[in-house]
file data.txt (compact mmCIF, C-alpha atoms)
# COMPACT_ATOMS: atom_id res chain seq x y z
CA MET A 1 -55.34 75.96 -40.22
CA ASN A 2 -55.53 72.77 -38.24
CA LEU A 3 -52.10 71.12 -38.27
CA VAL A 4 -52.92 68.28 -35.89
CA LYS A 5 -51.88 65.01 -37.53
CA LYS A 6 -54.46 62.29 -37.43
CA ARG A 7 -54.12 58.56 -37.93
CA ARG A 8 -56.67 55.80 -38.34
CA LYS A 9 -56.74 53.15 -35.63
CA ALA A 10 -58.91 50.13 -34.91
CA VAL A 11 -61.10 50.29 -31.81
CA VAL A 12 -62.78 47.22 -30.29
CA ASP A 13 -66.08 47.27 -28.41
CA GLN A 14 -64.73 44.83 -25.85
CA GLY A 15 -68.05 44.36 -24.07
CA LEU A 16 -69.51 42.71 -27.16
CA CYS A 17 -66.35 40.98 -28.42
CA VAL A 18 -66.69 37.18 -28.62
CA ALA A 19 -62.91 36.60 -28.68
CA CYS A 20 -63.11 34.43 -31.81
CA GLY A 21 -59.68 35.58 -33.00
CA CYS A 22 -60.64 36.47 -36.59
CA CYS A 23 -58.98 39.88 -36.17
CA VAL A 24 -55.75 38.24 -35.02
CA LYS A 25 -55.70 36.03 -38.11
CA VAL A 26 -56.42 38.75 -40.63
CA CYS A 27 -54.28 41.60 -39.26
CA PRO A 28 -51.19 42.10 -41.46
CA MET A 29 -49.42 44.01 -38.68
CA GLN A 30 -50.02 41.50 -35.86
CA ALA A 31 -51.63 44.34 -33.97
CA PHE A 32 -54.28 42.21 -32.25
CA GLU A 33 -54.20 39.83 -29.34
CA ILE A 34 -56.90 37.97 -27.46
CA ILE A 35 -56.71 38.77 -23.79
CA ARG A 36 -57.27 35.67 -21.64
CA GLY A 37 -59.90 34.26 -23.98
CA VAL A 38 -62.27 37.10 -23.13
CA MET A 39 -61.75 39.94 -25.61
CA ALA A 40 -59.59 41.27 -28.41
CA GLN A 41 -57.21 44.15 -27.80
CA VAL A 42 -55.43 46.38 -30.31
CA LYS A 43 -51.79 47.30 -29.88
CA GLU A 44 -52.19 50.91 -30.99
CA GLU A 45 -48.54 51.39 -31.87
CA LYS A 46 -48.75 48.58 -34.45
CA CYS A 47 -52.17 49.36 -35.93
CA VAL A 48 -52.13 51.19 -39.27
CA GLY A 49 -55.92 51.46 -39.53
CA CYS A 50 -56.22 49.41 -42.71
CA GLY A 51 -59.69 48.18 -41.65
CA LYS A 52 -59.22 44.50 -42.52
CA CYS A 53 -60.16 43.53 -38.98
CA ALA A 54 -63.36 45.60 -39.07
CA ARG A 55 -64.43 43.94 -42.33
CA GLU A 56 -63.64 40.45 -40.99
CA CYS A 57 -65.05 40.72 -37.44
CA PRO A 58 -68.16 38.47 -37.43
CA ALA A 59 -69.75 40.47 -34.62
CA SER A 60 -68.87 43.80 -36.28
CA VAL A 61 -67.54 45.17 -33.01
CA ILE A 62 -64.38 46.69 -34.48
CA GLY A 63 -64.49 50.24 -35.78
CA ILE A 64 -61.87 52.50 -37.37
CA ARG A 65 -61.48 55.86 -35.68
CA GLU A 66 -59.30 58.85 -36.36
CA VAL A 67 -57.03 59.65 -33.45
CA GLU A 68 -54.37 62.28 -32.97
CA ALA A 69 -50.98 60.94 -34.00
CA MET B 1 -49.15 35.08 -44.11
CA LYS B 2 -47.48 31.84 -43.07
CA LYS B 3 -49.80 28.84 -43.03
CA HIS B 4 -49.75 26.40 -40.14
CA TRP B 5 -50.87 22.79 -40.00
CA TYR B 6 -53.98 23.83 -38.06
CA ASP B 7 -55.09 26.15 -40.87
CA TYR B 8 -56.15 23.01 -42.74
CA LEU B 9 -58.47 21.64 -40.07
CA TRP B 10 -61.43 22.64 -42.25
CA ILE B 11 -60.63 19.46 -44.17
CA ALA B 12 -61.25 17.43 -40.99
CA SER B 13 -64.56 19.23 -40.44
CA ALA B 14 -65.76 18.60 -43.98
CA THR B 15 -64.56 14.98 -43.84
CA TYR B 16 -66.47 14.47 -40.59
CA LEU B 17 -69.76 15.52 -42.17
CA ILE B 18 -69.13 13.36 -45.24
CA LEU B 19 -68.16 10.27 -43.24
CA GLY B 20 -71.31 10.56 -41.13
CA PHE B 21 -73.30 10.31 -44.33
CA PHE B 22 -71.84 6.86 -45.00
CA ASN B 23 -71.36 5.48 -41.50
CA ILE B 24 -73.04 7.17 -38.58
CA LEU B 25 -70.58 5.76 -36.04
CA PHE B 26 -67.99 8.30 -37.22
CA ALA B 27 -70.17 10.87 -35.45
CA TRP B 28 -68.48 9.87 -32.20
CA PHE B 29 -65.36 11.73 -33.36
CA GLY B 30 -67.38 14.94 -32.99
CA LEU B 31 -66.86 14.70 -29.25
CA LEU B 32 -63.37 16.05 -29.92
CA CYS B 33 -65.00 19.37 -30.89
CA PHE B 34 -66.62 19.44 -27.47
CA PHE B 35 -63.84 18.28 -25.21
CA ILE B 36 -60.80 19.98 -26.78
CA PRO B 37 -62.19 23.56 -26.48
CA LEU B 38 -63.35 22.86 -22.94
CA LEU B 39 -60.02 21.39 -21.98
CA ILE B 40 -58.07 24.31 -23.47
CA SER B 41 -60.25 26.88 -21.72
CA VAL B 42 -60.18 25.08 -18.37
CA VAL B 43 -56.46 24.27 -18.38
CA ARG B 44 -54.99 27.27 -20.22
CA GLY B 45 -57.73 29.83 -19.73
CA THR B 46 -57.84 30.77 -23.41
CA LYS B 47 -60.10 30.36 -26.42
CA GLY B 48 -57.23 28.69 -28.25
CA TYR B 49 -59.62 26.30 -29.97
CA CYS B 50 -61.73 29.08 -31.53
CA ASN B 51 -58.64 31.17 -32.28
CA ARG B 52 -56.67 28.43 -34.02
CA TYR B 53 -58.11 24.96 -34.31
CA CYS B 54 -61.81 25.33 -35.14
CA GLY B 55 -62.22 23.58 -38.48
CA ARG B 56 -65.84 24.63 -38.78
CA GLY B 57 -64.95 28.31 -38.50
CA GLN B 58 -62.27 27.81 -41.13
CA LEU B 59 -64.80 26.11 -43.39
CA PHE B 60 -67.17 29.09 -43.08
CA SER B 61 -64.26 31.47 -43.72
CA LEU B 62 -63.35 29.59 -46.85
CA LEU B 63 -66.88 29.25 -48.24
CA GLY B 64 -68.00 32.75 -47.29
CA GLY B 65 -64.68 34.46 -47.94
CA ARG B 66 -62.72 32.89 -50.77
CA PHE B 67 -65.74 31.31 -52.48
CA GLY B 68 -67.82 34.46 -51.99
CA LEU B 69 -70.88 32.71 -50.59
CA SER B 70 -71.56 35.45 -48.07
CA ARG B 71 -73.29 38.82 -48.35
CA LYS B 72 -70.74 40.14 -45.79
CA ARG B 73 -73.34 42.25 -44.00
CA ASP B 74 -73.34 43.13 -40.31
CA ILE B 75 -75.01 40.66 -38.01
CA PRO B 76 -78.12 42.15 -36.33
CA ASN B 77 -77.54 43.64 -32.89
CA TRP B 78 -79.87 41.18 -31.14
CA MET B 79 -77.79 38.24 -32.39
CA LYS B 80 -74.67 39.51 -30.66
CA SER B 81 -76.47 40.45 -27.45
CA LYS B 82 -75.65 38.49 -24.32
CA VAL B 83 -79.33 37.57 -23.90
CA PHE B 84 -79.38 35.79 -27.25
CA ARG B 85 -75.94 34.20 -26.87
CA TYR B 86 -76.62 32.84 -23.38
CA GLY B 87 -80.19 31.93 -24.30
CA PHE B 88 -78.99 29.96 -27.31
CA LEU B 89 -76.38 28.23 -25.14
CA ILE B 90 -79.10 27.14 -22.68
CA PHE B 91 -81.41 26.01 -25.49
CA PHE B 92 -78.58 24.09 -27.15
CA PHE B 93 -77.74 22.38 -23.89
CA ALA B 94 -81.37 21.48 -23.24
CA MET B 95 -81.54 19.84 -26.68
CA PHE B 96 -78.21 18.12 -26.05
CA PHE B 97 -79.43 16.62 -22.78
CA GLN B 98 -82.65 15.51 -24.43
CA MET B 99 -80.48 13.67 -26.96
CA LEU B 100 -78.52 12.07 -24.12
CA TRP B 101 -81.80 11.02 -22.49
CA ASN B 102 -82.95 9.32 -25.71
CA THR B 103 -79.61 7.53 -25.84
CA TYR B 104 -80.09 6.39 -22.25
CA LEU B 105 -83.56 5.03 -23.07
CA VAL B 106 -82.10 2.91 -25.87
CA PHE B 107 -79.32 1.68 -23.59
CA ALA B 108 -81.92 0.81 -20.94
CA GLY B 109 -84.03 -1.09 -23.49
CA ALA B 110 -87.01 1.24 -23.01
CA GLN B 111 -86.87 2.56 -26.57
CA ASP B 112 -85.86 1.12 -29.94
CA LEU B 113 -83.03 2.54 -32.02
CA ARG B 114 -84.29 5.31 -34.31
CA GLN B 115 -82.19 5.58 -37.46
CA VAL B 116 -82.95 9.20 -38.13
CA VAL B 117 -81.01 12.45 -38.12
CA THR B 118 -83.02 15.32 -36.64
CA LEU B 119 -82.31 18.58 -38.43
CA LEU B 120 -82.96 21.87 -36.62
CA TRP B 121 -84.44 19.85 -33.70
CA THR B 122 -87.58 19.32 -35.78
CA PHE B 123 -87.18 17.59 -39.12
CA LYS B 124 -86.51 13.86 -38.94
CA LEU B 125 -84.47 12.75 -41.93
CA PRO B 126 -84.20 9.01 -42.63
CA TRP B 127 -80.53 8.01 -42.35
CA ASN B 128 -80.77 4.20 -42.26
CA TRP B 129 -78.17 3.69 -45.01
CA ALA B 130 -75.49 4.94 -42.64
CA TYR B 131 -75.98 2.17 -40.12
CA HIS B 132 -75.06 -1.41 -40.90
CA GLY B 133 -75.33 -3.03 -37.48
CA THR B 134 -72.46 -3.16 -35.08
CA LEU B 135 -70.81 -5.26 -32.42
CA PHE B 136 -71.74 -2.54 -29.95
CA HIS B 137 -75.03 -1.90 -28.18
CA PRO B 138 -77.72 -0.05 -30.24
CA GLY B 139 -77.35 2.78 -27.71
CA VAL B 140 -73.92 3.47 -29.17
CA ALA B 141 -75.53 4.03 -32.57
CA GLN B 142 -78.35 6.08 -31.03
CA PHE B 143 -75.80 8.48 -29.55
CA ALA B 144 -74.09 8.70 -32.95
CA PHE B 145 -77.39 9.59 -34.68
CA GLY B 146 -78.13 12.17 -31.98
CA PHE B 147 -74.68 13.70 -32.02
CA TYR B 148 -74.55 13.86 -35.81
CA SER B 149 -77.93 15.66 -35.64
CA VAL B 150 -76.37 18.27 -33.34
CA MET B 151 -73.37 18.72 -35.62
CA LEU B 152 -75.40 18.88 -38.83
CA THR B 153 -77.91 21.30 -37.30
CA SER B 154 -75.19 23.66 -36.13
CA THR B 155 -73.48 23.45 -39.52
CA VAL B 156 -76.73 24.31 -41.32
CA LEU B 157 -77.37 27.25 -38.98
CA GLY B 158 -73.78 28.38 -39.49
CA LEU B 159 -74.16 28.16 -43.27
CA VAL B 160 -77.39 30.17 -43.24
CA THR B 161 -75.86 32.97 -41.15
CA MET B 162 -72.69 32.77 -43.27
CA VAL B 163 -74.75 33.54 -46.37
CA LEU B 164 -76.91 36.22 -44.73
CA PHE B 165 -74.22 38.00 -42.73
CA LYS B 166 -70.44 37.63 -42.43
CA PRO B 167 -68.66 34.32 -43.13
CA ARG B 168 -67.97 33.46 -39.49
CA SER B 169 -71.23 34.77 -38.02
CA TRP B 170 -71.69 31.36 -36.39
CA CYS B 171 -68.76 32.23 -34.08
CA VAL B 172 -70.87 35.00 -32.52
CA TYR B 173 -73.48 32.62 -31.13
CA CYS B 174 -71.63 29.28 -31.20
CA PRO B 175 -72.53 27.60 -27.89
CA MET B 176 -69.01 26.19 -27.46
CA GLY B 177 -67.52 29.63 -28.04
CA THR B 178 -69.92 31.22 -25.55
CA MET B 179 -69.21 28.53 -22.99
CA THR B 180 -65.43 28.68 -23.33
CA GLN B 181 -65.55 32.49 -23.10
CA LEU B 182 -67.57 32.15 -19.88
CA ILE B 183 -64.98 29.72 -18.51
CA CYS B 184 -62.18 32.13 -19.43
CA LYS B 185 -64.06 35.01 -17.77
CA ALA B 186 -64.52 32.94 -14.63
CA LYS B 187 -60.83 31.97 -14.66
CA CYS B 188 -59.63 35.55 -14.88
CA GLY B 189 -62.01 36.75 -12.21
CA GLY B 190 -65.02 38.10 -14.04
CA GLY B 191 -63.50 40.01 -16.96
CA LYS B 192 -65.81 42.44 -18.67
call {"tool": "encode", "arguments": {"input": "data.txt", "output": "structure tokens"}}
result
Amino acid sequence: MNLVKKRRKAVVDQGLCVACGCCVKVCPMQAFEIIRGVMAQVKEEKCVGCGKCARECPASVIGIREVEA
Amino acid sequence: MKKHWYDYLWIASATYLILGFFNILFAWFGLLCFFIPLLISVVRGTKGYCNRYCGRGQLFSLLGGRFGLSRKRDIPNWMKSKVFRYGFLIFFFAMFFQMLWNTYLVFAGAQDLRQVVTLLWTFKLPWNWAYHGTLFHPGVAQFAFGFYSVMLTSTVLGLVTMVLFKPRSWCVYCPMGTMTQLICKAKCGGGK
């Protein structure tokens, strides 16, 4: 039986991110920041993988992935 | 989530479009939407304007989000490609400079004032009710007509992509957003 715990986390395709800041506004955990006006970055320890950012992102460059906890 | 004063700037954006319908000279205020983002990106190296103060983005969020006027579908891949974003920036600038050239011709007396608003760079809409003569040179009004055309065109494009895709799809190819991101990339030494 696989006992590895998995959690959902947001992942940004930073190469295509337009740094609009929609994810920052919508995230209930304040898990996003815009790095130097260039791209969004997720603070993994804060992200709970709710997916609000992925739904909001106008460029659809945020995905929710399962990662090992 | 706590609301800030700048979360209500959509009111300023909507008011701007309405005022331009009654008096075209209010279009000059639109320059704020050009200079503030540039200033923030050049001085602070951030996209603070897009992230916080863009009233137009807020307006799209409100209409597409709360009012449900958006299909909330993914934007096509080609629209978020660098080729399209940079190409649209160049095209937008070319049209902007053409507008400045027309303004110059009116200032120089080589062309008469045209009281029209050009939508989508093509359709000339009569707008003569919004100009009542002024103490200033007709060139001042010509710039206002031209600038209002730019603002109305970008709003219409933003509304169309809001309905078709996600509420703030305009942010993906907004020329000011692309330009300020380029400035920020240059400031931090290339970025990604």
call {"tool": "residues_near_point", "arguments": {"input": "data.txt", "point": "(-80.8, 9.8, -41.4)", "cutoff": "9 Å", "atoms": "only C-alpha atoms", "output": "PyMOL selection string"}}
result
chain B and resi 21+24+115-118+124-130+145+149
call {"tool": "closest_atom_pairs", "arguments": {"input": "data.txt", "of": "chain B", "to": "chain A", "cutoff": "9 Å", "atoms": "all atoms listed in the file", "output": "JSON lines"}}
result
{"residue": "B:Met1", "atom": "CA", "partner": "A:Pro28", "partner_atom": "CA", "distance": 7.8}
{"residue": "B:Ser41", "atom": "CA", "partner": "A:Gly37", "partner_atom": "CA", "distance": 7.7}
{"residue": "B:Arg44", "atom": "CA", "partner": "A:Arg36", "partner_atom": "CA", "distance": 8.8}
{"residue": "B:Gly45", "atom": "CA", "partner": "A:Arg36", "partner_atom": "CA", "distance": 6.2}
{"residue": "B:Thr46", "atom": "CA", "partner": "A:Gly37", "partner_atom": "CA", "distance": 4.1}
{"residue": "B:Lys47", "atom": "CA", "partner": "A:Gly37", "partner_atom": "CA", "distance": 4.6}
{"residue": "B:Gly48", "atom": "CA", "partner": "A:Gly37", "partner_atom": "CA", "distance": 7.5}
{"residue": "B:Cys50", "atom": "CA", "partner": "A:Cys20", "partner_atom": "CA", "distance": 5.5}
{"residue": "B:Asn51", "atom": "CA", "partner": "A:Gly21", "partner_atom": "CA", "distance": 4.6}
{"residue": "B:Arg52", "atom": "CA", "partner": "A:Gly21", "partner_atom": "CA", "distance": 7.8}
{"residue": "B:Lys72", "atom": "CA", "partner": "A:Arg55", "partner_atom": "CA", "distance": 8.1}
{"residue": "B:Asp74", "atom": "CA", "partner": "A:Ser60", "partner_atom": "CA", "distance": 6.1}
{"residue": "B:Ile75", "atom": "CA", "partner": "A:Ala59", "partner_atom": "CA", "distance": 6.3}
{"residue": "B:Pro76", "atom": "CA", "partner": "A:Ala59", "partner_atom": "CA", "distance": 8.7}
{"residue": "B:Asn77", "atom": "CA", "partner": "A:Ala59", "partner_atom": "CA", "distance": 8.6}
{"residue": "B:Met79", "atom": "CA", "partner": "A:Ala59", "partner_atom": "CA", "distance": 8.6}
{"residue": "B:Lys80", "atom": "CA", "partner": "A:Ala59", "partner_atom": "CA", "distance": 6.4}
{"residue": "B:Ser81", "atom": "CA", "partner": "A:Leu16", "partner_atom": "CA", "distance": 7.3}
{"residue": "B:Lys82", "atom": "CA", "partner": "A:Leu16", "partner_atom": "CA", "distance": 8.0}
{"residue": "B:Phe165", "atom": "CA", "partner": "A:Pro58", "partner_atom": "CA", "distance": 8.1}
{"residue": "B:Lys166", "atom": "CA", "partner": "A:Pro58", "partner_atom": "CA", "distance": 5.6}
{"residue": "B:Pro167", "atom": "CA", "partner": "A:Pro58", "partner_atom": "CA", "distance": 7.1}
{"residue": "B:Arg168", "atom": "CA", "partner": "A:Pro58", "partner_atom": "CA", "distance": 5.4}
{"residue": "B:Ser169", "atom": "CA", "partner": "A:Pro58", "partner_atom": "CA", "distance": 4.8}
{"residue": "B:Trp170", "atom": "CA", "partner": "A:Pro58", "partner_atom": "CA", "distance": 8.0}
{"residue": "B:Cys171", "atom": "CA", "partner": "A:Cys20", "partner_atom": "CA", "distance": 6.5}
{"residue": "B:Val172", "atom": "CA", "partner": "A:Ala59", "partner_atom": "CA", "distance": 6.0}
{"residue": "B:Tyr173", "atom": "CA", "partner": "A:Val18", "partner_atom": "CA", "distance": 8.6}
{"residue": "B:Gly177", "atom": "CA", "partner": "A:Cys20", "partner_atom": "CA", "distance": 7.5}
{"residue": "B:Thr178", "atom": "CA", "partner": "A:Val18", "partner_atom": "CA", "distance": 7.4}
{"residue": "B:Thr180", "atom": "CA", "partner": "A:Gly37", "partner_atom": "CA", "distance": 7.9}
{"residue": "B:Gln181", "atom": "CA", "partner": "A:Val38", "partner_atom": "CA", "distance": 5.7}
{"residue": "B:Leu182", "atom": "CA", "partner": "A:Val38", "partner_atom": "CA", "distance": 7.9}
{"residue": "B:Ile183", "atom": "CA", "partner": "A:Gly37", "partner_atom": "CA", "distance": 8.7}
{"residue": "B:Cys184", "atom": "CA", "partner": "A:Gly37", "partner_atom": "CA", "distance": 5.5}
{"residue": "B:Lys185", "atom": "CA", "partner": "A:Val38", "partner_atom": "CA", "distance": 6.0}
{"residue": "B:Lys187", "atom": "CA", "partner": "A:Arg36", "partner_atom": "CA", "distance": 8.7}
{"residue": "B:Cys188", "atom": "CA", "partner": "A:Arg36", "partner_atom": "CA", "distance": 7.2}
{"residue": "B:Gly191", "atom": "CA", "partner": "A:Val38", "partner_atom": "CA", "distance": 6.9}
{"residue": "B:Lys192", "atom": "CA", "partner": "A:Gly15", "partner_atom": "CA", "distance": 6.2}
call {"tool": "atom_distance", "arguments": {"input": "data.txt", "atom1": "atom CA of Gly189 of chain B", "atom2": "atom CA of Phe93 of chain B"}}
result
24.3 Å
call {"tool": "atom_distance", "arguments": {"input": "data.txt", "atom1": "atom CA of Glu66 of chain A", "atom2": "atom CA of Ala31 of chain A"}}
result
16.6 Å
call {"tool": "atom_distance", "arguments": {"input": "data.txt", "atom1": "atom CA of Val12 of chain A", "atom2": "atom CA of Cys33 of chain B"}}
result
27.9 Å
call {"tool": "residues_around", "arguments": {"input": "data.txt", "residues": "segment 45-49 of chain A", "least_positions_apart": "2", "cutoff": "6 Å", "atoms": "only C-alpha atoms", "output": "ChimeraX atom specification"}}
result
/A:8-10,31,43,51
call {"tool": "closest_residue", "arguments": {"input": "data.txt", "among": "A:Lys52, A:Phe32, A:Glu44, A:Asp13", "to": "Val67 of chain A", "atoms": "all atoms listed in the file"}}
result
A:Glu44
call {"tool": "closest_residue", "arguments": {"input": "data.txt", "among": "B:Pro175, B:Ser13, B:Trp121, B:His137", "to": "Phe26 of chain B", "atoms": "all atoms listed in the file"}}
result
B:Ser13
call {"tool": "residues_around", "arguments": {"input": "data.txt", "residues": "Ala12 of chain B", "least_positions_apart": "4", "cutoff": "10 Å", "atoms": "all atoms listed in the file", "output": "ChimeraX atom specification"}}
result
/B:8,16-18,54-56,59
